[in-house]
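Take a look at the structure set out below.
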Amino acid sequence: MWGEVATLPLVPRVVDAVAPTPVVAAGGIGDGRGLAAVLALGASAGWLGTRFVMAAEAPALPRYRELLAAAVETSTVHSSLFDIGWPNAPHRTLRNSTVKAWEAADRPPSGARPGEGETVATWVDGDPIPRYATTSARIGVTGDIEALSLWAGQSVGLVDRVRPAGEIVRELAEEAASALQASVRMIRP
Ligand SMILES: Cc1cc2nc3c(=O)[nH]c(=O)nc-3n(C[C@H](O)[C@H](O)[C@H](O)COP(=O)(O)O)c2cc1C
């Protein structure tokens with residue numbers, strides 16, 4: 001489902017609508033506190049995207065990771081801009097040079113955007129990657145990495161360094177358990 005309702009009001013509505021089907025909540029969860037929040041909303045699990053781009057095992061390019069580490073929650077934009085390969089699919093990306101040039105041109109429609117048709121990067125086999133392609137900044141791609149579709153959620157402000165996925169998962173579980181225990185103590189001291 002594509003929509004613009006934030007995770008906090010969306011999850012309990014979906015949980016109620018589909019009960020007893022388990023719900024996996026996604027969008028804006030960056031650490032164990034966010035995981036605790038969606039579990040409190042009735043979700044059975046949390047799904048983290050941006051956080052795992054920073055997992056050591058993920059095939060993300062170092063430049064992409066640097067930009068994610070430097071970004072904050074206001075650094076992203078929700079649009080349908082990167083549509084070559086997957087049209088009409090709203091998504092959230094970092095506000096990079098491609099997004100800024102499109103915004104500066106008053107957000108023209110697909111086909112009339114700045115630099116339309118330009119090649120910004122290439123695959124390892126030489127295949128060109130045009131500006132506005134959905135291709136992610138992954139190992140095997142070279143060129144103007146900053147100009148590619150740099151997928152990022154609003155959770156990006158909570159994401160700062162590359163760590164093994166197992167370490168991230170263990171920390172998420174510990175943080176979520178502590179956050180839920182602290183919440184109970186606040187309600188019933
Ligand atoms: C690098 C990356 C690639 C993604 N690719 C897809 C995709 O192909 N299809 C999709 O529905 N969502 C995709 N997403 C969205 C995630 O599945 C997830 O819903 C979102 O990242 C959750 O928000 P968060 O990044 O704040 O954790 C992608 C997210 C990232 C960061």
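Following the order of the structure tokens, first chain is A, next is B, and so on, with residues numbered from 1 inside each chain and ligands from 1 in the order they appear.
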
Which residues of chain A sit at most 8 Å from ligand 1, using only C-alpha atoms and all ligand atoms? Give each one's shortest atom pair and distance in Å (one decimal place), in chain and ascending residue order, as a tab-separated table.
residue	atom	partner	partner_atom_place_in_ligand_line	distance
A:Ala26	CA	ligand 1	22 (C)	4.7
A:Gly27	CA	ligand 1	23 (O)	3.3
A:Gly28	CA	ligand 1	26 (O)	3.5
A:Ile29	CA	ligand 1	27 (O)	5.0
A:Gly30	CA	ligand 1	27 (O)	6.1
A:Trp47	CA	ligand 1	27 (O)	6.3
A:Leu48	CA	ligand 1	27 (O)	3.6
A:Gly49	CA	ligand 1	21 (O)	3.4
A:Thr50	CA	ligand 1	25 (O)	3.7
A:Arg51	CA	ligand 1	27 (O)	6.2
A:Phe52	CA	ligand 1	31 (C)	7.5
A:Val53	CA	ligand 1	1 (C)	6.0
A:His91	CA	ligand 1	15 (C)	7.6
A:Ser136	CA	ligand 1	1 (C)	6.7
A:Leu150	CA	ligand 1	1 (C)	7.3
A:Trp151	CA	ligand 1	31 (C)	4.8
A:Ala152	CA	ligand 1	31 (C)	4.8
A:Gly153	CA	ligand 1	26 (O)	3.7
A:Gln154	CA	ligand 1	26 (O)	5.2
A:Ser155	CA	ligand 1	26 (O)	4.3
A:Val156	CA	ligand 1	26 (O)	6.6

N, CA and C atoms of the current selection, written as an mmCIF file, in the first residue's frame:
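Writing done, so here's part-v7.cif:
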data_model
loop_
_atom_site.group_PDB
_atom_site.id
_atom_site.type_symbol
_atom_site.label_atom_id
_atom_site.label_comp_id
_atom_site.auth_asym_id
_atom_site.auth_seq_id
_atom_site.Cartn_x
_atom_site.Cartn_y
_atom_site.Cartn_z
ATOM 1 N N ALA A 26 7.034 -0.900 9.215
ATOM 2 C CA ALA A 26 8.239 -0.341 8.593
ATOM 3 C C ALA A 26 8.079 1.144 8.382
ATOM 4 N N GLY A 27 9.193 1.831 8.443
ATOM 5 C CA GLY A 27 9.193 3.254 8.131
ATOM 6 C C GLY A 27 9.553 4.080 9.351
ATOM 7 N N GLY A 28 10.812 4.543 9.397
ATOM 8 C CA GLY A 28 11.216 5.444 10.467
ATOM 9 C C GLY A 28 11.762 4.762 11.703
ATOM 10 N N ILE A 29 11.918 3.442 11.657
ATOM 11 C CA ILE A 29 12.484 2.745 12.818
ATOM 12 C C ILE A 29 14.001 2.715 12.643
ATOM 13 N N GLY A 30 14.725 3.355 13.551
ATOM 14 C CA GLY A 30 16.179 3.423 13.394
ATOM 15 C C GLY A 30 16.922 2.675 14.471
ATOM 16 N N TRP A 47 10.604 -3.673 10.688
ATOM 17 C CA TRP A 47 11.379 -3.867 9.448
ATOM 18 C C TRP A 47 12.211 -2.607 9.273
ATOM 19 N N LEU A 48 13.516 -2.761 9.244
ATOM 20 C CA LEU A 48 14.388 -1.591 9.134
ATOM 21 C C LEU A 48 15.121 -1.620 7.798
ATOM 22 N N GLY A 49 15.048 -0.546 7.049
ATOM 23 C CA GLY A 49 15.709 -0.477 5.752
ATOM 24 C C GLY A 49 17.025 0.277 5.829
ATOM 25 N N THR A 50 16.941 1.559 6.109
ATOM 26 C CA THR A 50 18.118 2.429 6.089
ATOM 27 C C THR A 50 19.199 1.928 7.041
ATOM 28 N N ARG A 51 18.778 1.484 8.206
ATOM 29 C CA ARG A 51 19.751 1.021 9.204
ATOM 30 C C ARG A 51 20.624 -0.104 8.651
ATOM 31 N N PHE A 52 20.026 -0.974 7.845
ATOM 32 C CA PHE A 52 20.793 -2.121 7.347
ATOM 33 C C PHE A 52 21.570 -1.819 6.066
ATOM 34 N N VAL A 53 21.369 -0.636 5.488
ATOM 35 C CA VAL A 53 22.290 -0.219 4.418
ATOM 36 C C VAL A 53 23.672 -0.022 5.047
ATOM 37 N N HIS A 91 8.720 7.083 -3.287
ATOM 38 C CA HIS A 91 9.845 6.581 -2.485
ATOM 39 C C HIS A 91 10.497 7.740 -1.756
ATOM 40 N N SER A 136 20.409 1.480 -7.342
ATOM 41 C CA SER A 136 20.975 1.966 -6.084
ATOM 42 C C SER A 136 22.493 2.047 -6.160
ATOM 43 N N LEU A 150 19.525 7.751 -3.865
ATOM 44 C CA LEU A 150 20.129 7.385 -2.576
ATOM 45 C C LEU A 150 19.008 7.118 -1.586
ATOM 46 N N TRP A 151 18.467 5.914 -1.619
ATOM 47 C CA TRP A 151 17.320 5.540 -0.788
ATOM 48 C C TRP A 151 17.627 5.786 0.680
ATOM 49 N N ALA A 152 16.720 6.444 1.352
ATOM 50 C CA ALA A 152 16.925 6.714 2.786
ATOM 51 C C ALA A 152 15.596 7.064 3.426
ATOM 52 N N GLY A 153 15.348 6.495 4.593
ATOM 53 C CA GLY A 153 14.147 6.830 5.347
ATOM 54 C C GLY A 153 14.420 7.972 6.313
ATOM 55 N N GLN A 154 13.362 8.439 6.970
ATOM 56 C CA GLN A 154 13.536 9.508 7.954
ATOM 57 C C GLN A 154 14.289 9.001 9.184
ATOM 58 N N SER A 155 14.472 7.699 9.259
ATOM 59 C CA SER A 155 15.280 7.111 10.335
ATOM 60 C C SER A 155 16.770 7.422 10.153
ATOM 61 N N VAL A 156 17.123 8.042 9.042
ATOM 62 C CA VAL A 156 18.546 8.229 8.695
ATOM 63 C C VAL A 156 19.318 9.011 9.765
#

Helix (DSSP H, G or I) per DSSP on the backbone: members of chain A, as a ChimeraX atom specification
/A:7-18,32-40,50-53,62-70,97-104,145-147,154-158,165-187

Emit the selected residues as a tab-separated table (two decimals), in the first residue's frame, including C-alpha atoms.
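Here's the written file out-v1.tsv:
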chain	number	residue	atom	x	y	z
A	7	THR	CA	4.04	4.92	11.10
A	8	LEU	CA	2.71	6.01	14.51
A	9	PRO	CA	-0.96	6.45	13.45
A	10	LEU	CA	-0.81	3.85	10.64
A	11	VAL	CA	0.32	0.76	12.54
A	12	PRO	CA	-2.52	0.51	15.09
A	13	ARG	CA	-5.07	1.09	12.32
A	14	VAL	CA	-3.59	-1.73	10.23
A	15	VAL	CA	-3.24	-4.01	13.28
A	16	ASP	CA	-6.95	-3.52	14.08
A	17	ALA	CA	-8.00	-3.89	10.45
A	18	VAL	CA	-6.22	-7.20	9.81
A	32	GLY	CA	15.52	-0.35	19.52
A	33	ARG	CA	13.35	2.48	20.81
A	34	GLY	CA	11.54	2.60	17.46
A	35	LEU	CA	11.19	-1.18	17.50
A	36	ALA	CA	9.71	-0.98	21.02
A	37	ALA	CA	7.30	1.70	19.80
A	38	VAL	CA	5.88	-0.38	16.94
A	39	LEU	CA	5.61	-3.47	19.20
A	40	ALA	CA	3.64	-1.28	21.64
A	50	THR	CA	18.12	2.43	6.09
A	51	ARG	CA	19.75	1.02	9.20
A	52	PHE	CA	20.79	-2.12	7.35
A	53	VAL	CA	22.29	-0.22	4.42
A	62	PRO	CA	31.20	3.79	0.75
A	63	ARG	CA	30.12	7.21	-0.66
A	64	TYR	CA	26.43	6.31	-0.16
A	65	ARG	CA	27.19	5.30	3.43
A	66	GLU	CA	29.12	8.51	4.07
A	67	LEU	CA	26.13	10.54	2.86
A	68	LEU	CA	23.74	8.50	5.03
A	69	ALA	CA	25.97	8.95	8.08
A	70	ALA	CA	26.05	12.72	7.56
A	97	SER	CA	22.21	17.09	-6.44
A	98	THR	CA	19.67	15.40	-8.78
A	99	VAL	CA	16.77	16.16	-6.42
A	100	LYS	CA	17.97	19.73	-5.80
A	101	ALA	CA	18.24	20.51	-9.54
A	102	TRP	CA	14.70	19.13	-10.09
A	103	GLU	CA	13.34	21.19	-7.18
A	104	ALA	CA	15.15	24.31	-8.47
A	145	ILE	CA	27.49	8.20	-6.97
A	146	GLU	CA	26.07	11.26	-5.20
A	147	ALA	CA	23.66	11.86	-8.11
A	154	GLN	CA	13.54	9.51	7.95
A	155	SER	CA	15.28	7.11	10.33
A	156	VAL	CA	18.55	8.23	8.70
A	157	GLY	CA	19.30	10.64	11.55
A	158	LEU	CA	19.68	7.61	13.84
A	165	ALA	CA	24.39	-7.01	10.86
A	166	GLY	CA	24.45	-9.44	13.80
A	167	GLU	CA	25.67	-6.68	16.12
A	168	ILE	CA	22.92	-4.36	14.90
A	169	VAL	CA	20.24	-7.02	15.51
A	170	ARG	CA	21.52	-7.86	19.00
A	171	GLU	CA	21.63	-4.18	19.96
A	172	LEU	CA	18.12	-3.61	18.54
A	173	ALA	CA	16.72	-6.45	20.69
A	174	GLU	CA	18.46	-5.23	23.86
A	175	GLU	CA	17.45	-1.60	23.32
A	176	ALA	CA	13.84	-2.55	22.58
A	177	ALA	CA	13.59	-4.71	25.72
A	178	SER	CA	15.06	-1.92	27.89
A	179	ALA	CA	12.77	0.68	26.33
A	180	LEU	CA	9.69	-1.48	26.96
A	181	GLN	CA	10.75	-2.21	30.56
A	182	ALA	CA	11.40	1.50	31.21
A	183	SER	CA	7.96	2.32	29.76
A	184	VAL	CA	6.28	-0.11	32.17
A	185	ARG	CA	8.17	1.46	35.11
A	186	MET	CA	6.91	4.91	34.05
A	187	ILE	CA	3.30	3.74	34.04

So, counting only C-alpha atoms, which residue among A:Ser149, A:Ile129, A:Pro20, A:Ala71 is closest to Arg92 of chain A?
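Of A:Ser149, A:Ile129, A:Pro20, A:Ala71, the one nearest Arg92 of chain A, counting only C-alpha atoms, is A:Ser149.
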
Taking only C-alpha atoms into account, name the residue in A:Asp83, A:Asp31, A:Glu73, A:Asp127 that is nearest to Ser110 of chain A.
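Among the listed residues, A:Asp83 lies closest to Ser110 of chain A.
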
If we count only C-alpha atoms and set the cut-off at 7 Å, which residues sit around Glu57 of chain A, ignoring sequence neighbours fewer than 2 positions away in its own chain? Please answer as a count of residues only.
4

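Shortest atom-to-atom contact with Thr134 of chain A among A:Gly85, A:Asp106, A:Ala112, A:Asp160: A:Gly85, counting only C-alpha atoms.
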
Going by DSSP on the backbone, which residues of chain A come out as strand (DSSP E or B)? List them as a ChimeraX atom specification.
/A:24-26,45-47,55,60,76-79,84,91-94,119-123,128-130,133,138,141-143,151,163

Can you spit out the residues from that selection as a CSV table (one decimal), in the first residue's frame, using N, CA and C atoms?
chain,number,residue,atom,x,y,z
A,24,VAL,N,4.0,-6.5,10.2
A,24,VAL,CA,5.4,-6.1,10.3
A,24,VAL,C,5.4,-4.6,10.0
A,25,ALA,N,5.9,-3.8,10.9
A,25,ALA,CA,5.8,-2.3,10.8
A,25,ALA,C,7.1,-1.8,10.2
A,26,ALA,N,7.0,-0.9,9.2
A,26,ALA,CA,8.2,-0.3,8.6
A,26,ALA,C,8.1,1.1,8.4
A,45,ALA,N,6.5,-7.3,14.6
A,45,ALA,CA,7.9,-7.2,14.2
A,45,ALA,C,8.1,-5.8,13.6
A,46,GLY,N,9.4,-5.4,13.6
A,46,GLY,CA,9.8,-4.2,12.9
A,46,GLY,C,10.7,-4.5,11.7
A,47,TRP,N,10.6,-3.7,10.7
A,47,TRP,CA,11.4,-3.9,9.4
A,47,TRP,C,12.2,-2.6,9.3
A,55,ALA,N,24.8,-2.0,7.4
A,55,ALA,CA,25.4,-3.2,7.8
A,55,ALA,C,26.6,-3.6,7.0
A,60,ALA,N,26.4,-1.8,-0.2
A,60,ALA,CA,26.3,-0.3,-0.5
A,60,ALA,C,27.7,0.3,-0.7
A,76,THR,N,15.8,14.1,3.8
A,76,THR,CA,15.2,13.2,2.7
A,76,THR,C,14.0,13.9,2.1
A,77,VAL,N,13.6,13.3,0.9
A,77,VAL,CA,12.5,13.9,0.2
A,77,VAL,C,11.6,12.7,-0.3
A,78,HIS,N,10.3,12.9,-0.2
A,78,HIS,CA,9.4,11.8,-0.6
A,78,HIS,C,8.9,12.3,-2.0
A,79,SER,N,9.1,11.4,-3.0
A,79,SER,CA,8.8,11.8,-4.4
A,79,SER,C,8.6,10.6,-5.2
A,84,ILE,N,13.1,5.6,-13.5
A,84,ILE,CA,13.5,4.9,-14.7
A,84,ILE,C,13.8,3.4,-14.2
A,91,HIS,N,8.7,7.1,-3.3
A,91,HIS,CA,9.8,6.6,-2.5
A,91,HIS,C,10.5,7.7,-1.8
A,92,ARG,N,11.4,7.4,-0.8
A,92,ARG,CA,12.1,8.5,-0.1
A,92,ARG,C,13.6,8.3,-0.3
A,93,THR,N,14.2,9.4,-0.7
A,93,THR,CA,15.7,9.4,-1.0
A,93,THR,C,16.3,10.6,-0.3
A,94,LEU,N,17.6,10.6,-0.2
A,94,LEU,CA,18.4,11.8,0.2
A,94,LEU,C,18.2,12.9,-0.8
A,119,THR,N,23.9,10.1,-18.7
A,119,THR,CA,24.4,9.0,-18.0
A,119,THR,C,25.2,9.5,-16.8
A,120,VAL,N,24.8,9.1,-15.6
A,120,VAL,CA,25.5,9.6,-14.4
A,120,VAL,C,26.5,8.5,-13.8
A,121,ALA,N,26.3,7.3,-14.2
A,121,ALA,CA,27.2,6.2,-13.7
A,121,ALA,C,27.1,5.0,-14.6
A,122,THR,N,28.0,4.1,-14.4
A,122,THR,CA,28.0,2.8,-15.2
A,122,THR,C,28.1,1.6,-14.3
A,123,TRP,N,27.5,0.5,-14.8
A,123,TRP,CA,27.7,-0.8,-14.2
A,123,TRP,C,29.1,-1.3,-14.5
A,128,PRO,N,25.2,1.7,-19.1
A,128,PRO,CA,25.0,3.1,-18.5
A,128,PRO,C,23.9,3.1,-17.6
A,129,ILE,N,24.0,4.0,-16.6
A,129,ILE,CA,22.9,4.2,-15.6
A,129,ILE,C,22.5,5.7,-15.8
A,130,PRO,N,21.2,5.9,-16.3
A,130,PRO,CA,20.8,7.3,-16.5
A,130,PRO,C,20.4,8.0,-15.3
A,133,ALA,N,17.4,7.0,-12.7
A,133,ALA,CA,17.2,5.5,-12.7
A,133,ALA,C,17.0,5.1,-11.2
A,138,ARG,N,25.3,0.8,-5.3
A,138,ARG,CA,25.8,-0.5,-4.8
A,138,ARG,C,27.1,-0.9,-5.4
A,141,VAL,N,28.9,-0.3,-9.2
A,141,VAL,CA,28.5,0.9,-9.9
A,141,VAL,C,29.6,1.9,-9.7
A,142,THR,N,30.0,2.6,-10.8
A,142,THR,CA,31.0,3.7,-10.7
A,142,THR,C,30.5,4.9,-11.4
A,143,GLY,N,31.0,6.1,-11.0
A,143,GLY,CA,30.5,7.3,-11.6
A,143,GLY,C,30.2,8.3,-10.6
A,151,TRP,N,18.5,5.9,-1.6
A,151,TRP,CA,17.3,5.5,-0.8
A,151,TRP,C,17.6,5.8,0.7
A,163,ARG,N,28.4,-1.3,10.8
A,163,ARG,CA,28.6,-2.4,11.8
A,163,ARG,C,28.1,-3.7,11.3

Point out the residue among A:Leu148, A:Met54, A:Leu41, A:Val159 with the least atom-to-atom distance to Phe82 of chain A, counting only C-alpha atoms.
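Between A:Leu148, A:Met54, A:Leu41, A:Val159, the residue approaching Phe82 of chain A most closely is A:Leu148.
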
Rounded to one decimal place, report the atom CA of Asn88 of chain A-atom CA of Gly115 of chain A distance in Å.
19.4 Å

Two-atom distance - atom CA of Ile139 of chain A, atom CA of Arg161 of chain A (Å):
17.9 Å

Between A:Ala58, A:Val72, A:Gly3, A:Trp86, which has the minimum distance to Thr135 of chain A (counting only C-alpha atoms)?
A:Trp86
